[in-house]
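Peer 1: The structure is given below, and queries will be raised subsequently.
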Amino acid sequence: MDKKFTHLIIQKPAPFVANVQLNRPDQRNALNYTLWHEIGEAFNLLSTDPDIRVIILTGNGKSFCAGLDLKESQDLLSIASNDTEDAARRGRKLLEKIKTMQKAFTLIEECPKPVIAAVHGHCVGGGIDVITACDIRYASTDAVFSVKEVDIGLAADTGTLNRLPKIGLSDSWVRELSYTGRLFGAKEALEHGLVSKVFDNQEVLLKSSLELASIMAQKSPVALQGTKVLLNYSRDHSIDESLKFTAAWNMSQLLTDDIGKAAMATISKQGPPKFSKL
Ligand SMILES: CC/C=C\C=C\CC(=O)SCCNC(=O)CCNC(=O)[C@H](O)C(C)(C)COP(=O)(O)OP(=O)(O)OC[C@H]1O[C@@H](n2cnc3c(N)ncnc32)[C@H](O)[C@@H]1OP(=O)(O)O
């Protein structure tokens, strides 16, 4: 990808795999508006990049992400306290701001390519918003999480409270974390299913994330992207609705050459076939 970002680095560590790196290490990857916006922009671009089939999301430096940049969030507060405008107008400005911020992380979810969040160090507040929009969450043993918003006087509004209840966790546990903001570690996150694997250190975490990404990147991109689209749809709809959507989706997608190539490779016991770009 040619686009240059201020607070993101995008590398291509393996064929068809992108590594999106949050890159404000000195601020523990706190999300200022530039980084917030760039996350959405990057995933939007990657969603149609035919050279990328799987994305790994990591944080550079000591932490994965320290959440909202508390030093650069003054304009949010200034909208709220601007007494030259009435409450309704200030409310409408806040609405637009929140919707824009929500959309940046929704673009991770809407990206049809699977996204693996590889979490080390702290992942708090907005960091949880980010990882709940990802498909797969891996962590290293040093990872520390917190649904921190309640501690700064707000109800999380950019994804956590909307997505955490949908990823198969205990409702009681989600509520306990959201009402207290308490820290919890990788072991607890694994026990409850917030992350699906924990690794001894960040190096092994990154290596294992790359291995996983490379396996997925060898699959038919038609099949892989369709699988993400259909899993997301079925999470948000009844079985009957999602069966209908699946049938309509595959009306076109079953016309792919990839099925023949994959079947032939299986029968002839060759390695994974080379699929055309999508
Ligand atoms: C509409 C609203 C939408 C979304 C709202 C989201 C809400 C949230 O995200 S709530 C969560 C907010 N974040 C926090 O409360 C975390 C604050 N940070 C910390 O607790 C710690 O920094 C740490 C993450 C536990 C890491 O600790 P440590 O490794 O010891 O580093 P520090 O020395 O504390 O920090 C280094 C450096 O980074 C700056 N920094 C860290 N976090 C933030 C932050 N969230 N915002 C701005 N800056 C941050 C910290 O100030 C230090 O800067 P120096 O200039 O070096 O002092």
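FYI, nothing fancy with the structure tokens labels: chains A, B, ... in order, residues from 1 per chain, ligands from 1 as they appear.
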Using only C-alpha atoms, which residues sit within 9 Å of Ala133 (chain A) once same-chain residues fewer than 4 positions away are excluded, as an mmCIF file with C-alpha atoms, in the first residue's frame?
Peer 2:
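Just written: result-v6.cif:
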data_model
loop_
_atom_site.group_PDB
_atom_site.id
_atom_site.type_symbol
_atom_site.label_atom_id
_atom_site.label_comp_id
_atom_site.auth_asym_id
_atom_site.auth_seq_id
_atom_site.Cartn_x
_atom_site.Cartn_y
_atom_site.Cartn_z
ATOM 1 C CA PHE A 105 -13.535 0.651 14.328
ATOM 2 C CA THR A 106 -16.584 -0.637 12.462
ATOM 3 C CA LEU A 107 -14.385 -0.495 9.353
ATOM 4 C CA ILE A 108 -12.208 -3.192 10.981
ATOM 5 C CA GLU A 109 -15.294 -5.378 11.381
ATOM 6 C CA GLU A 110 -16.567 -4.566 7.895
ATOM 7 C CA VAL A 115 -8.150 -9.523 11.323
ATOM 8 C CA ILE A 128 -10.807 -3.005 23.911
ATOM 9 C CA ASP A 129 -13.066 -1.245 21.375
ATOM 10 C CA GLY A 159 -17.822 -0.578 20.342
ATOM 11 C CA THR A 160 -16.936 -2.375 23.566
ATOM 12 C CA ARG A 163 -19.490 -6.110 20.692
#
Peer 1: Taking only residues of region 145-176 of chain A that have an atom at most 9 Å from an atom of region 194-209 of chain A, what is each one's shortest atom pair and its distance in Å to one decimal, using only C-alpha atoms, in chain and number order, as CSV?
Peer 2:
residue,atom,partner,partner_atom,distance
A:Leu164,CA,A:Leu194,CA,8.3
A:Ile167,CA,A:Leu194,CA,7.6
A:Gly168,CA,A:Leu194,CA,8.4
A:Leu169,CA,A:Leu194,CA,7.0
Peer 1: Can you check which residues of region 25-267 of chain A DSSP gives as strand (DSSP E or B) on the backbone and send them as a ChimeraX atom specification?
Peer 2: /A:31,54-59,65,68,115-119,122-124,136-140,144-146,184-185,197-199
Peer 1: For chain A against ligand 1, with a cut-off of 7 Å and counting only C-alpha atoms and all ligand atoms, what is the closest atom pair and its distance in Å to one decimal for every residue that makes the cut, ordered by chain and number, as CSV?
Peer 2:
residue,atom,partner,partner_atom_place_in_ligand_line,distance
A:Asp26,CA,ligand 1,37 (C),5.5
A:Gln27,CA,ligand 1,38 (O),3.3
A:Arg28,CA,ligand 1,38 (O),5.0
A:Ala30,CA,ligand 1,44 (C),4.8
A:Lys62,CA,ligand 1,29 (O),6.2
A:Ser63,CA,ligand 1,24 (C),6.6
A:Ala66,CA,ligand 1,24 (C),4.4
A:Gly67,CA,ligand 1,9 (O),3.4
A:Leu68,CA,ligand 1,9 (O),3.7
A:Asp69,CA,ligand 1,46 (N),3.3
A:Leu70,CA,ligand 1,46 (N),3.9
A:Lys71,CA,ligand 1,47 (C),4.8
A:Glu72,CA,ligand 1,47 (C),7.0
A:Ile98,CA,ligand 1,1 (C),5.3
A:Met101,CA,ligand 1,3 (C),6.9
A:His122,CA,ligand 1,24 (C),5.4
A:Val124,CA,ligand 1,11 (C),5.6
A:Gly125,CA,ligand 1,9 (O),3.4
A:Gly126,CA,ligand 1,9 (O),3.9
A:Gly127,CA,ligand 1,9 (O),6.7
A:Lys148,CA,ligand 1,10 (S),4.8
A:Glu149,CA,ligand 1,10 (S),4.1
A:Ile152,CA,ligand 1,10 (S),6.1
A:Ala156,CA,ligand 1,5 (C),6.1
A:Asp157,CA,ligand 1,3 (C),5.9
A:Thr158,CA,ligand 1,4 (C),5.7
Peer 1: If you keep N, CA and C atoms, can you produce a file of those selected residues as a PDB file, in the first residue's frame?
Peer 2:
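Output (result.pdb):
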ATOM      1  N   ASP A  26       5.699   5.947  22.357  1.00  0.00           N
ATOM      2  CA  ASP A  26       6.012   6.769  23.537  1.00  0.00           C
ATOM      3  C   ASP A  26       4.753   7.171  24.301  1.00  0.00           C
ATOM      4  N   GLN A  27       3.607   7.122  23.619  1.00  0.00           N
ATOM      5  CA  GLN A  27       2.331   7.423  24.292  1.00  0.00           C
ATOM      6  C   GLN A  27       1.537   6.142  24.502  1.00  0.00           C
ATOM      7  N   ARG A  28       2.213   5.003  24.441  1.00  0.00           N
ATOM      8  CA  ARG A  28       1.576   3.690  24.633  1.00  0.00           C
ATOM      9  C   ARG A  28       0.430   3.480  23.644  1.00  0.00           C
ATOM     10  N   ALA A  30      -1.731   5.493  22.624  1.00  0.00           N
ATOM     11  CA  ALA A  30      -2.992   6.172  22.955  1.00  0.00           C
ATOM     12  C   ALA A  30      -3.596   6.704  21.663  1.00  0.00           C
ATOM     13  N   LYS A  62       5.739  -0.660  24.429  1.00  0.00           N
ATOM     14  CA  LYS A  62       5.422  -1.432  25.640  1.00  0.00           C
ATOM     15  C   LYS A  62       3.976  -1.900  25.730  1.00  0.00           C
ATOM     16  N   SER A  63       3.049  -1.161  25.070  1.00  0.00           N
ATOM     17  CA  SER A  63       1.623  -1.486  25.216  1.00  0.00           C
ATOM     18  C   SER A  63       0.975  -1.683  23.855  1.00  0.00           C
ATOM     19  N   ALA A  66      -3.253   2.243  24.901  1.00  0.00           N
ATOM     20  CA  ALA A  66      -3.671   2.855  26.177  1.00  0.00           C
ATOM     21  C   ALA A  66      -5.015   3.572  26.071  1.00  0.00           C
ATOM     22  N   GLY A  67      -5.781   3.284  25.013  1.00  0.00           N
ATOM     23  CA  GLY A  67      -7.124   3.871  24.911  1.00  0.00           C
ATOM     24  C   GLY A  67      -7.105   5.306  24.421  1.00  0.00           C
ATOM     25  N   LEU A  68      -8.220   5.971  24.645  1.00  0.00           N
ATOM     26  CA  LEU A  68      -8.373   7.367  24.204  1.00  0.00           C
ATOM     27  C   LEU A  68      -7.201   8.216  24.689  1.00  0.00           C
ATOM     28  N   ASP A  69      -6.662   9.052  23.805  1.00  0.00           N
ATOM     29  CA  ASP A  69      -5.602   9.966  24.225  1.00  0.00           C
ATOM     30  C   ASP A  69      -6.206  11.035  25.126  1.00  0.00           C
ATOM     31  N   LEU A  70      -5.903  10.902  26.411  1.00  0.00           N
ATOM     32  CA  LEU A  70      -6.534  11.789  27.391  1.00  0.00           C
ATOM     33  C   LEU A  70      -5.983  13.209  27.323  1.00  0.00           C
ATOM     34  N   LYS A  71      -4.789  13.339  26.706  1.00  0.00           N
ATOM     35  CA  LYS A  71      -4.217  14.691  26.598  1.00  0.00           C
ATOM     36  C   LYS A  71      -4.772  15.423  25.385  1.00  0.00           C
ATOM     37  N   GLU A  72      -5.178  14.675  24.383  1.00  0.00           N
ATOM     38  CA  GLU A  72      -5.649  15.316  23.146  1.00  0.00           C
ATOM     39  C   GLU A  72      -7.157  15.172  22.959  1.00  0.00           C
ATOM     40  N   ILE A  98     -19.098  11.155  17.853  1.00  0.00           N
ATOM     41  CA  ILE A  98     -19.145   9.762  18.321  1.00  0.00           C
ATOM     42  C   ILE A  98     -19.354   8.815  17.134  1.00  0.00           C
ATOM     43  N   MET A 101     -16.173   8.375  15.250  1.00  0.00           N
ATOM     44  CA  MET A 101     -15.221   7.533  15.988  1.00  0.00           C
ATOM     45  C   MET A 101     -15.666   6.068  15.958  1.00  0.00           C
ATOM     46  N   HIS A 122      -0.467  -3.362  27.887  1.00  0.00           N
ATOM     47  CA  HIS A 122      -1.805  -2.858  28.217  1.00  0.00           C
ATOM     48  C   HIS A 122      -2.707  -2.737  26.993  1.00  0.00           C
ATOM     49  N   VAL A 124      -6.434  -1.102  26.968  1.00  0.00           N
ATOM     50  CA  VAL A 124      -7.478  -0.557  27.854  1.00  0.00           C
ATOM     51  C   VAL A 124      -8.399   0.394  27.090  1.00  0.00           C
ATOM     52  N   GLY A 125      -9.611   0.548  27.603  1.00  0.00           N
ATOM     53  CA  GLY A 125     -10.555   1.513  27.031  1.00  0.00           C
ATOM     54  C   GLY A 125     -10.720   1.326  25.536  1.00  0.00           C
ATOM     55  N   GLY A 126     -10.333   2.350  24.775  1.00  0.00           N
ATOM     56  CA  GLY A 126     -10.445   2.285  23.312  1.00  0.00           C
ATOM     57  C   GLY A 126      -9.708   1.093  22.714  1.00  0.00           C
ATOM     58  N   GLY A 127      -8.709   0.588  23.426  1.00  0.00           N
ATOM     59  CA  GLY A 127      -7.994  -0.611  22.949  1.00  0.00           C
ATOM     60  C   GLY A 127      -8.931  -1.812  22.916  1.00  0.00           C
ATOM     61  N   LYS A 148     -12.097   0.391  30.664  1.00  0.00           N
ATOM     62  CA  LYS A 148     -11.680   1.454  31.584  1.00  0.00           C
ATOM     63  C   LYS A 148     -12.644   2.644  31.634  1.00  0.00           C
ATOM     64  N   GLU A 149     -13.557   2.720  30.681  1.00  0.00           N
ATOM     65  CA  GLU A 149     -14.331   3.957  30.499  1.00  0.00           C
ATOM     66  C   GLU A 149     -15.016   4.444  31.762  1.00  0.00           C
ATOM     67  N   ILE A 152     -13.262   6.920  33.758  1.00  0.00           N
ATOM     68  CA  ILE A 152     -13.100   8.310  33.323  1.00  0.00           C
ATOM     69  C   ILE A 152     -14.470   8.981  33.125  1.00  0.00           C
ATOM     70  N   ALA A 156     -18.743   3.383  27.772  1.00  0.00           N
ATOM     71  CA  ALA A 156     -17.997   3.135  26.518  1.00  0.00           C
ATOM     72  C   ALA A 156     -18.940   3.257  25.334  1.00  0.00           C
ATOM     73  N   ASP A 157     -18.511   4.036  24.328  1.00  0.00           N
ATOM     74  CA  ASP A 157     -19.458   4.306  23.236  1.00  0.00           C
ATOM     75  C   ASP A 157     -18.892   4.043  21.855  1.00  0.00           C
ATOM     76  N   THR A 158     -17.728   3.395  21.790  1.00  0.00           N
ATOM     77  CA  THR A 158     -17.192   3.146  20.447  1.00  0.00           C
ATOM     78  C   THR A 158     -16.949   1.649  20.196  1.00  0.00           C
TER      79      THR A 158
END
Peer 1: Just the residues within 12 Å of Pro165 (chain A), please, counting only C-alpha atoms, with nothing from its chain fewer than 6 positions along; format it as a ChimeraX atom specification.
Peer 2: /A:132,159,171-175,177-178,193-194,235-236
Peer 1: Go ahead and write the residues just picked, C-alpha atoms, as a short mmCIF file (atom, residue, chain, number, x, y, z; two decimals), in the first residue's frame.
Peer 2:
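The result, written out as part.cif:
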data_model
loop_
_atom_site.label_atom_id
_atom_site.label_comp_id
_atom_site.auth_asym_id
_atom_site.auth_seq_id
_atom_site.Cartn_x
_atom_site.Cartn_y
_atom_site.Cartn_z
CA THR A 132 -13.60 -6.53 19.88
CA GLY A 159 -17.82 -0.58 20.34
CA ASP A 171 -22.73 -11.86 30.56
CA SER A 172 -21.97 -11.67 34.27
CA TRP A 173 -18.22 -11.33 33.58
CA VAL A 174 -18.75 -8.66 30.89
CA ARG A 175 -20.91 -6.63 33.26
CA LEU A 177 -15.63 -5.71 33.99
CA SER A 178 -17.69 -2.90 32.49
CA GLY A 193 -12.82 -16.56 25.78
CA LEU A 194 -11.94 -12.92 25.14
CA ARG A 235 -24.09 -13.14 14.54
CA ASP A 236 -26.56 -10.28 14.04
#
Peer 1: Report the distance between CA of Cys65 (chain A) and CA of Val20 (chain A) in Å, rounded to one decimal place.
Peer 2: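 So the two atoms, CA of Cys65 (chain A) and CA of Val20 (chain A), lie 13.1 Å apart.
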Peer 1: May I have the residues within 7 Å of region 267-277 of chain A as a ChimeraX atom specification, using only C-alpha atoms and disregarding those fewer than 2 positions away in the same chain?
Peer 2: /A:50-51,218,220,258,261-265
Peer 1: Find the residues around Ser146 (chain A) up to 6 Å (only C-alpha atoms counted), leave out those fewer than 5 positions away in its own chain, and share them as a short mmCIF file (atom, residue, chain, number, x, y, z; two decimals) with N, CA and C atoms, in the first residue's frame.
Peer 2:
data_model
loop_
_atom_site.label_atom_id
_atom_site.label_comp_id
_atom_site.auth_asym_id
_atom_site.auth_seq_id
_atom_site.Cartn_x
_atom_site.Cartn_y
_atom_site.Cartn_z
N VAL A 124 -6.43 -1.10 26.97
CA VAL A 124 -7.48 -0.56 27.85
C VAL A 124 -8.40 0.39 27.09
N GLY A 181 -14.25 -1.51 35.69
CA GLY A 181 -13.03 -1.05 35.01
C GLY A 181 -11.79 -1.75 35.53
N ARG A 182 -11.97 -2.87 36.28
CA ARG A 182 -10.78 -3.49 36.89
C ARG A 182 -9.87 -4.12 35.83
N LEU A 183 -8.59 -4.17 36.20
CA LEU A 183 -7.61 -4.80 35.31
C LEU A 183 -7.77 -6.31 35.36
#
Peer 1: DSSP says helix (DSSP H, G or I) for which residues of region 79-118 of chain A? Put them as a VMD selection string?
Peer 2: chain A and resid 79 to 81 87 to 110
Peer 1: Restrict the selected residues to C-alpha atoms and save them as a compact mmCIF listing (two decimals), in the first residue's frame.
Peer 2:
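Okay, this is what ended up in part-v5.txt:
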# COMPACT_ATOMS: atom_id res chain seq x y z
CA ILE A 79 -17.81 20.76 22.47
CA ALA A 80 -19.59 19.80 25.69
CA SER A 81 -18.67 22.99 27.55
CA ALA A 87 -27.46 22.16 24.49
CA ALA A 88 -29.23 20.75 21.43
CA ARG A 89 -26.54 22.04 19.04
CA ARG A 90 -23.71 20.82 21.24
CA GLY A 91 -25.48 17.46 21.46
CA ARG A 92 -25.67 17.21 17.67
CA LYS A 93 -21.94 17.95 17.37
CA LEU A 94 -21.15 15.26 19.90
CA LEU A 95 -23.40 12.85 18.02
CA GLU A 96 -21.42 13.40 14.81
CA LYS A 97 -18.12 13.02 16.65
CA ILE A 98 -19.14 9.76 18.32
CA LYS A 99 -20.51 8.34 15.06
CA THR A 100 -17.27 9.16 13.24
CA MET A 101 -15.22 7.53 15.99
CA GLN A 102 -17.47 4.45 16.02
CA LYS A 103 -17.19 4.12 12.24
CA ALA A 104 -13.37 3.90 12.34
CA PHE A 105 -13.54 0.65 14.33
CA THR A 106 -16.58 -0.64 12.46
CA LEU A 107 -14.38 -0.50 9.35
CA ILE A 108 -12.21 -3.19 10.98
CA GLU A 109 -15.29 -5.38 11.38
CA GLU A 110 -16.57 -4.57 7.90
Peer 1: Smallest atom-to-atom distance to Ala14 (chain A): which of A:Lys244, A:His37, A:Arg53, A:His237, using only C-alpha atoms?
Peer 2: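 Smallest separation from Ala14 (chain A) among the options: A:Arg53.
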Peer 1: With only C-alpha atoms as the basis for distance, which of A:Thr246, A:Asn44, A:Ser140, A:Asn162 is at the shortest distance from Lys3 (chain A)?
Peer 2: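 Selected residue with least distance to Lys3 (chain A): A:Asn44.
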Peer 1: Pick the closest to Leu31 (chain A) from A:Ser78, A:Asn60, A:Thr48, A:Ser73: which is it, counting only C-alpha atoms?
Peer 2: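 Checking each candidate against Leu31 (chain A), we get A:Ser73 as the closest.
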Peer 1: Please compute the CA of Ser214 (chain A)-CA of Cys134 (chain A) distance, one decimal, in Å.
Peer 2: 16.9 Å
